[in-house]
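Q: My questions all concern the structure below.
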Number of protein chains: 2
Amino acid sequence: MKALTIGKIGSPVNLMDADKPIASVGHSIVKLLASALNHRDIWITKGMYPGIKEGAILGSDGVGELDGRNVIINPSLAWGENEAVQSDDFEVLGMPTDGTFAEYISIANENIYDKPDHLSIEEAAALPLAGLTAYRVLMSRCQAKSRDKVLVTGTGGGVALFAVQFAVALGCDVYVTSGSEEKISKAISMGAKGGYNYKNESWYKDVETDFDVIIDSAGGESFQHLIKICKPGARIGFYGATLGKYQNLNPQLLFWRQISILGSTMGSDQDFRDMLAFVTDHKIKPIVDQVFSLEEGRLAFERMEAGAQFGKIVLKH
Amino acid sequence: MKALTIGKIGSPVNLMDADKPIASVGHSIVKLLASALNHRDIWITKGMYPGIKEGAILGSDGVGELDGRNVIINPSLAWGENEAVQSDDFEVLGMPTDGTFAEYISIANENIYDKPDHLSIEEAAALPLAGLTAYRVLMSRCQAKSRDKVLVTGTGGGVALFAVQFAVALGCDVYVTSGSEEKISKAISMGAKGGYNYKNESWYKDVETDFDVIIDSAGGESFQHLIKICKPGARIGFYGATLGKYQNLNPQLLFWRQISILGSTMGSDQDFRDMLAFVTDHKIKPIVDQVFSLEEGRLAFERMEAGAQFGKIVLKH
């Protein structure tokens with residue numbers, strides 16, 4: 001079967017002829033119809049992950065066919081029983097365990113769910129990893145609720161866009177930050193109330209200090225300013241930190257105002273079920289940036305690396 | 001009546017002859033039998049609080065007599081309905097509202113509770129502010145539970161000692177940090193399993209990285225190390241930061257491991273009720289360092305400033 005695999009560190013993905021997987025006990029073979037890219041896939045090809053396994057099939061997001069029904073795959077493997085945190089056996093699908101950028105996958109039955117009816121194959125393929133990550137950080141960790149004022153930083157990325165969509169669906173007043181006016185405008189067309197361009201380094205100074213929830217993946221020096229625009233009792237959830245370490249955080253602004261800073265990654269089985277139900281109830285459609293074929297994998301990776309996408313980059317198999 | 005009041009900023013407390021208060025609607029006049037000092041009182045005399053009101057009566061902790069029964073006062077004034085955070089009207093008793101370092105106090109009826117029977121007047125006076133602060137950060141914010149491994153930094157301070165006592169009573173494995181071997185030994189005699197002397201700047205390097213809960217009030221540069229000794233899913237609660245801003249926090253250690261950093265201050269009415277019930281159920285006795293008379297107020301303040309106390313400094317009226 002065709003598959004996109006990891007080459008030498010720093011080299012692009014390879015389109016390979018791989019063996020069709022054989023199902024072990026408790027697993028099924030799903031014929032994959034579409035998949036989607038995540039930043040994780042790029043970082044792996046660059047060697048920015050521990051334990052890179054050359055030749056492994058990449059891909060965390062997948063939709064396919066099993067026994068005549070369309071299914072969607074939960075990429076959180078072996079989360080375990082504790083809702084608060086993943087088990088020691090936890091893995092994200094797609095390296096070291098062979099992922100979804102292939103014609104077939106062997107996957108644990110507990111990770112297989114019915115595809116929501118209102119989504120096309122391509123839309124559903126865009127959902128799993130980014131949707132799950134957004135759902136957990138926004139809903140399970142930050143406990144966002146209707147009428148909360150929510151800021152999502154770095155709109156345009158997959159998780160951030162789902163956070164915007166979920167918060168809008170929940171009835172929150174949603175604002176975004178971006179370095180691109182065009183991305184801010186697109187977020188507003190999705191229901192956001194407004195946005196701030198972080199290329200203006202003092203953007204936070206003109207912002208009302210009344211956010212109930214902030215969802216961040218940038219971190220770095222500017223994280224300190226997020227604290228300043230929070231309301232007392234606010235929750236700041238984060239699932240990444242592309243700009244690195246937090247500096248100069250003022251504890252007095254945090255403890256006196258009962259603020260919570262909540263780390264989050266991926267999500268539990270319960271989060272995945274809840275996310276599918278939420279997406280189905282609210283008829284939420286993932287934003288698909290562009291669709292490539294599996295054979296065009298390298299082009300898809302190049303588009304992601306260029307960072308110009310708005311929404312998810314999908315592979316149709 | 002006699003009372004300890006704020007003089008000019010930077011000058012010690014004054015023993016004054018103040019007017020006996022008159023009860024307004026919804027308030028009662030409590031004849032105070034004992035009170036206790038908090039760092040807040042010291043900081044106010046040094047002008048380290050906003051809105052210092054010269055001549056106001058200090059003191060947040062008080063036990064007294066009302067209609068023939070012994071009562072204990074909740075120093076959280078006007079917390080409001082939201083458990084997550086205090087209202088805009090919230091105040092800590094004792095500046096600007098006249099406090100407990102006096103013979104009488106006018107206090108809202110909703111802040112008056114029966115004194116727990118198992119406590120002496122002096123022990124009960126040691127409980128309110130520090131006990132409430134410890135209860136909220138440990139129980140309501142960090143959700144400590146039996147068998148959790150808990151670290152309390154800076155043992156010796158009032159809140160830290162209550163955090164140790166409450167966590168021990170809850171069935172946690174409790175460890176402490178201190179700059180004093182004697183304070184560590186005392187904490188162990190109270191049921192802590194061990195302690196680390198932070199005068200050894202690399203104390204955290206020999207520590208197993210498996211704390212479920214950390215309670216901190218130091219902050220500063222060394223806060224980054226607390227993150228390293230946390231277990232995945234851990235909660236770090238803090239109610240102060242005497243060493244200032246947080247620096248060099250590594251977000252990757254936080255989000256991948258689902259760690260929560262939780263600011264906390266004082267506590268709600270519900271926290272106060274729960275704290276009294278917990279103290280009563282577990283027959284917890286506050287540690288009293290030394291008892292002074294109201295007239296000896298300046299000596300009591302000097303002892304607190306010297307920082308040599310272990311437990312609460314109490315005034316007997």
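If you're wondering about the labels, chains in the structure tokens are A, B, ... by order shown, residues count from 1 in each chain, ligands from 1 in order shown.
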Write out as a PDB file with C-alpha atoms, in the first residue's frame which residues come within 10 Å of region 25-29 of chain A when counting only C-alpha atoms, dropping same-chain ones fewer than 5 positions away.
A:
```pdb
ATOM      1  CA  LYS A  20      -0.574  -3.594   4.437  1.00  0.00           C
ATOM      2  CA  GLY A  64     -11.985   5.609   6.824  1.00  0.00           C
ATOM      3  CA  GLU A  65     -14.216   2.698   6.136  1.00  0.00           C
ATOM      4  CA  LEU A  66     -14.811  -0.302   8.348  1.00  0.00           C
ATOM      5  CA  ASP A  67     -17.486  -2.958   7.726  1.00  0.00           C
ATOM      6  CA  TYR A 104      -4.814   1.178   5.621  1.00  0.00           C
ATOM      7  CA  ILE A 105      -4.226   1.355   9.373  1.00  0.00           C
ATOM      8  CA  SER A 106      -4.410  -1.148  12.223  1.00  0.00           C
ATOM      9  CA  ILE A 107      -6.043   0.678  15.112  1.00  0.00           C
ATOM     10  CA  ALA A 108      -7.436  -0.315  18.550  1.00  0.00           C
ATOM     11  CA  ASN A 109     -11.211  -0.757  18.440  1.00  0.00           C
ATOM     12  CA  GLU A 110     -11.632   1.650  21.360  1.00  0.00           C
ATOM     13  CA  ASN A 111     -10.191   4.433  19.174  1.00  0.00           C
ATOM     14  CA  ILE A 112     -12.771   3.940  16.403  1.00  0.00           C
TER      15      ILE A 112
END
```
Q: I'd like a table as a tab-separated table: residues in chain A with an atom no more than 10 Å from chain B, each row giving the shortest atom pair and its distance in Å to one decimal, only C-alpha atoms counted, sorted by chain and rising residue number.
A:
```
residue	atom	partner	partner_atom	distance
A:Asn82	CA	B:Gly233	CA	9.3
A:Glu83	CA	B:Gly233	CA	9.4
A:Ala84	CA	B:Gly233	CA	5.8
A:Val85	CA	B:Gly233	CA	5.2
A:Gln86	CA	B:Arg257	CA	8.1
A:Ser87	CA	B:Pro232	CA	9.1
A:Asp88	CA	B:Pro232	CA	9.6
A:Val137	CA	B:Gln258	CA	9.8
A:Arg141	CA	B:Gln258	CA	9.1
A:Ser217	CA	B:Pro251	CA	9.5
A:Ala218	CA	B:Pro251	CA	9.7
A:Gly219	CA	B:Pro251	CA	7.3
A:Gly220	CA	B:Pro251	CA	8.8
A:Glu221	CA	B:Asn248	CA	9.7
A:Gln224	CA	B:Tyr246	CA	9.8
A:Lys231	CA	B:Val85	CA	9.9
A:Pro232	CA	B:Val85	CA	6.5
A:Gly233	CA	B:Val85	CA	5.2
A:Ala234	CA	B:Ala84	CA	8.9
A:Arg235	CA	B:Leu262	CA	9.3
A:Ile236	CA	B:Ile261	CA	9.8
A:Gly237	CA	B:Phe255	CA	8.8
A:Phe238	CA	B:Phe255	CA	6.5
A:Tyr239	CA	B:Phe255	CA	5.5
A:Gly240	CA	B:Phe255	CA	6.7
A:Ala241	CA	B:Pro251	CA	6.2
A:Thr242	CA	B:Pro251	CA	9.5
A:Leu243	CA	B:Pro251	CA	9.8
A:Gly244	CA	B:Pro251	CA	7.1
A:Lys245	CA	B:Asn250	CA	4.9
A:Tyr246	CA	B:Leu249	CA	5.0
A:Gln247	CA	B:Gln247	CA	4.6
A:Asn248	CA	B:Gln247	CA	5.4
A:Leu249	CA	B:Tyr246	CA	5.0
A:Asn250	CA	B:Lys245	CA	4.9
A:Pro251	CA	B:Lys245	CA	6.0
A:Gln252	CA	B:Gly240	CA	7.0
A:Leu253	CA	B:Gly263	CA	8.8
A:Leu254	CA	B:Gly263	CA	5.2
A:Phe255	CA	B:Gly263	CA	3.7
A:Trp256	CA	B:Thr265	CA	5.4
A:Arg257	CA	B:Val85	CA	7.0
A:Gln258	CA	B:Gly263	CA	4.6
A:Ile259	CA	B:Gly263	CA	5.2
A:Ser260	CA	B:Leu262	CA	4.5
A:Ile261	CA	B:Ile261	CA	5.0
A:Leu262	CA	B:Ser260	CA	4.6
A:Gly263	CA	B:Phe255	CA	3.7
A:Ser264	CA	B:Phe255	CA	4.6
A:Thr265	CA	B:Trp256	CA	5.4
A:Met266	CA	B:Trp256	CA	8.6
```
Q: Quick one: pull the distance between CA of Gly154 (chain B) and CA of Lys193 (chain B), Å, one decimal.
A: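 Straight-line distance from CA of Gly154 (chain B) to CA of Lys193 (chain B) works out to 15.3 Å.
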Q: Which residue out of A:Asp89, A:Asp274, A:Asp148, A:Glu122 has the minimum interatomic distance to Ala134 (chain A) when only C-alpha atoms are used?
A: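 Smallest separation from Ala134 (chain A) among the options: A:Asp274.
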Q: Considering only C-alpha atoms, state which residue in the set A:Thr280, A:Ser140, A:Thr5, A:Asn197 is at the smallest distance from Gly99 (chain A).
A: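 Comparing A:Thr280, A:Ser140, A:Thr5, A:Asn197 against Gly99 (chain A), the winner is A:Thr5.
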Q: Using only C-alpha atoms, determine which residues lie at most 10 Å from region 71-74 of chain A, disregarding the query and same-chain residues fewer than 5 positions distant; provide the list as an NGL selection string.
A: :A and (30-35 or 60-66 or 92-93 or 100 or 107-116 or 121 or 124-125 or 127-129 or 132 or 267-269 or 272-273 or 276)
Q: What does the distance from CA of Val291 (chain B) to CA of Phe101 (chain B) come to in Å, to one decimal?
A: 13.5 Å
Q: So that I can check the surroundings of Glu302 (chain B), please list as a VMD selection string every protein, DNA and RNA residue that reaches within 12 Å of it, counting only C-alpha atoms and ignoring chain neighbours fewer than 2 positions away.
A: chain B and resid 11 to 13 37 39 41 to 42 45 292 296 to 300 304 to 309 313
Q: I need the chosen residues saved as a PDB file, in the first residue's frame, with C-alpha atoms.
A:
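part_4.pdb, freshly written:
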```pdb
ATOM      1  CA  SER B  11       6.007  53.808  62.475  1.00  0.00           C
ATOM      2  CA  PRO B  12       4.950  51.025  64.871  1.00  0.00           C
ATOM      3  CA  VAL B  13       1.349  50.372  65.902  1.00  0.00           C
ATOM      4  CA  LEU B  37      -1.167  38.651  63.990  1.00  0.00           C
ATOM      5  CA  HIS B  39       2.015  39.301  57.926  1.00  0.00           C
ATOM      6  CA  ASP B  41      -0.607  43.609  59.680  1.00  0.00           C
ATOM      7  CA  ILE B  42       3.146  44.160  59.423  1.00  0.00           C
ATOM      8  CA  THR B  45       2.341  49.379  59.095  1.00  0.00           C
ATOM      9  CA  PHE B 292       1.091  38.679  74.307  1.00  0.00           C
ATOM     10  CA  GLU B 296       2.200  44.398  74.439  1.00  0.00           C
ATOM     11  CA  GLY B 297       1.163  44.801  70.791  1.00  0.00           C
ATOM     12  CA  ARG B 298       4.432  46.390  69.711  1.00  0.00           C
ATOM     13  CA  LEU B 299       6.423  43.470  71.142  1.00  0.00           C
ATOM     14  CA  ALA B 300       4.188  41.051  69.260  1.00  0.00           C
ATOM     15  CA  MET B 304       6.650  38.732  63.873  1.00  0.00           C
ATOM     16  CA  GLU B 305       9.045  41.029  62.018  1.00  0.00           C
ATOM     17  CA  ALA B 306      12.042  39.103  63.352  1.00  0.00           C
ATOM     18  CA  GLY B 307      10.567  36.029  61.637  1.00  0.00           C
ATOM     19  CA  ALA B 308      11.692  33.565  64.291  1.00  0.00           C
ATOM     20  CA  GLN B 309       8.182  32.422  65.211  1.00  0.00           C
ATOM     21  CA  ILE B 313       1.474  35.079  67.537  1.00  0.00           C
TER      22      ILE B 313
END
```
Q: Would you please extract all helix (DSSP H, G or I) residues from region 34-179 of chain A, as assigned by DSSP on the backbone, and give them as a ChimeraX atom specification?
A: /A:39-45,109-111,121-125,128-141,158-170
Q: Write out as a list in words all residues of region 212-255 of chain A that DSSP puts in strand (DSSP E or B) for this structure's backbone.
A: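 In region 212-255 of chain A, DSSP puts these residues in strand (DSSP E or B): Asp212, Val213, Ile214, Ile215, Asp216, Cys230, Lys231, Pro232, Gly233, Ala234, Arg235, Ile236, Gly237, Phe238, Tyr246 and Leu249 of chain A.
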Q: What is the CA of Tyr198 (chain B) to CA of Cys230 (chain B) distance in Å?
A: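 That distance, rounded to one decimal, is 16.9 Å.
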Q: Mind checking which residues fall within 6 Å of Leu151 (chain A), counting only C-alpha atoms, ignoring those fewer than 3 positions away in the same chain, and posting them as a list of chain:residue names?
A: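 My list of contacting residues is A:Val174, A:Tyr175, A:Val176, A:Ile214.
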Q: Take the selection from the previous step and output its residues with N, CA and C atoms, as a PDB file, in the first residue's frame.
A:
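Printed below is selection19.pdb as written:
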```pdb
ATOM      1  N   VAL A 174     -16.122  35.880  21.606  1.00  0.00           N
ATOM      2  CA  VAL A 174     -14.791  35.397  21.248  1.00  0.00           C
ATOM      3  C   VAL A 174     -13.974  36.483  20.542  1.00  0.00           C
ATOM      4  N   TYR A 175     -12.731  36.619  20.960  1.00  0.00           N
ATOM      5  CA  TYR A 175     -11.770  37.514  20.332  1.00  0.00           C
ATOM      6  C   TYR A 175     -10.529  36.691  19.976  1.00  0.00           C
ATOM      7  N   VAL A 176      -9.781  37.179  18.999  1.00  0.00           N
ATOM      8  CA  VAL A 176      -8.592  36.440  18.577  1.00  0.00           C
ATOM      9  C   VAL A 176      -7.400  37.383  18.506  1.00  0.00           C
ATOM     10  N   ILE A 214      -8.584  32.515  28.377  1.00  0.00           N
ATOM     11  CA  ILE A 214      -7.632  32.753  27.287  1.00  0.00           C
ATOM     12  C   ILE A 214      -7.024  31.410  26.892  1.00  0.00           C
TER      13      ILE A 214
END
```
Q: Pick the closest to Pro21 (chain A) from A:Asp216, A:Lys2, A:Trp79, A:Met190: which is it, counting only C-alpha atoms?
A: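 Ranking A:Asp216, A:Lys2, A:Trp79, A:Met190 by distance to Pro21 (chain A), first place goes to A:Lys2.
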Q: Return the single residue from A:Glu91, A:Ile9, A:Lys285, A:Gln270 that is closest to Met139 (chain A), with distances computed using only C-alpha atoms.
A: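 Result for the nearest residue to Met139 (chain A): A:Gln270.
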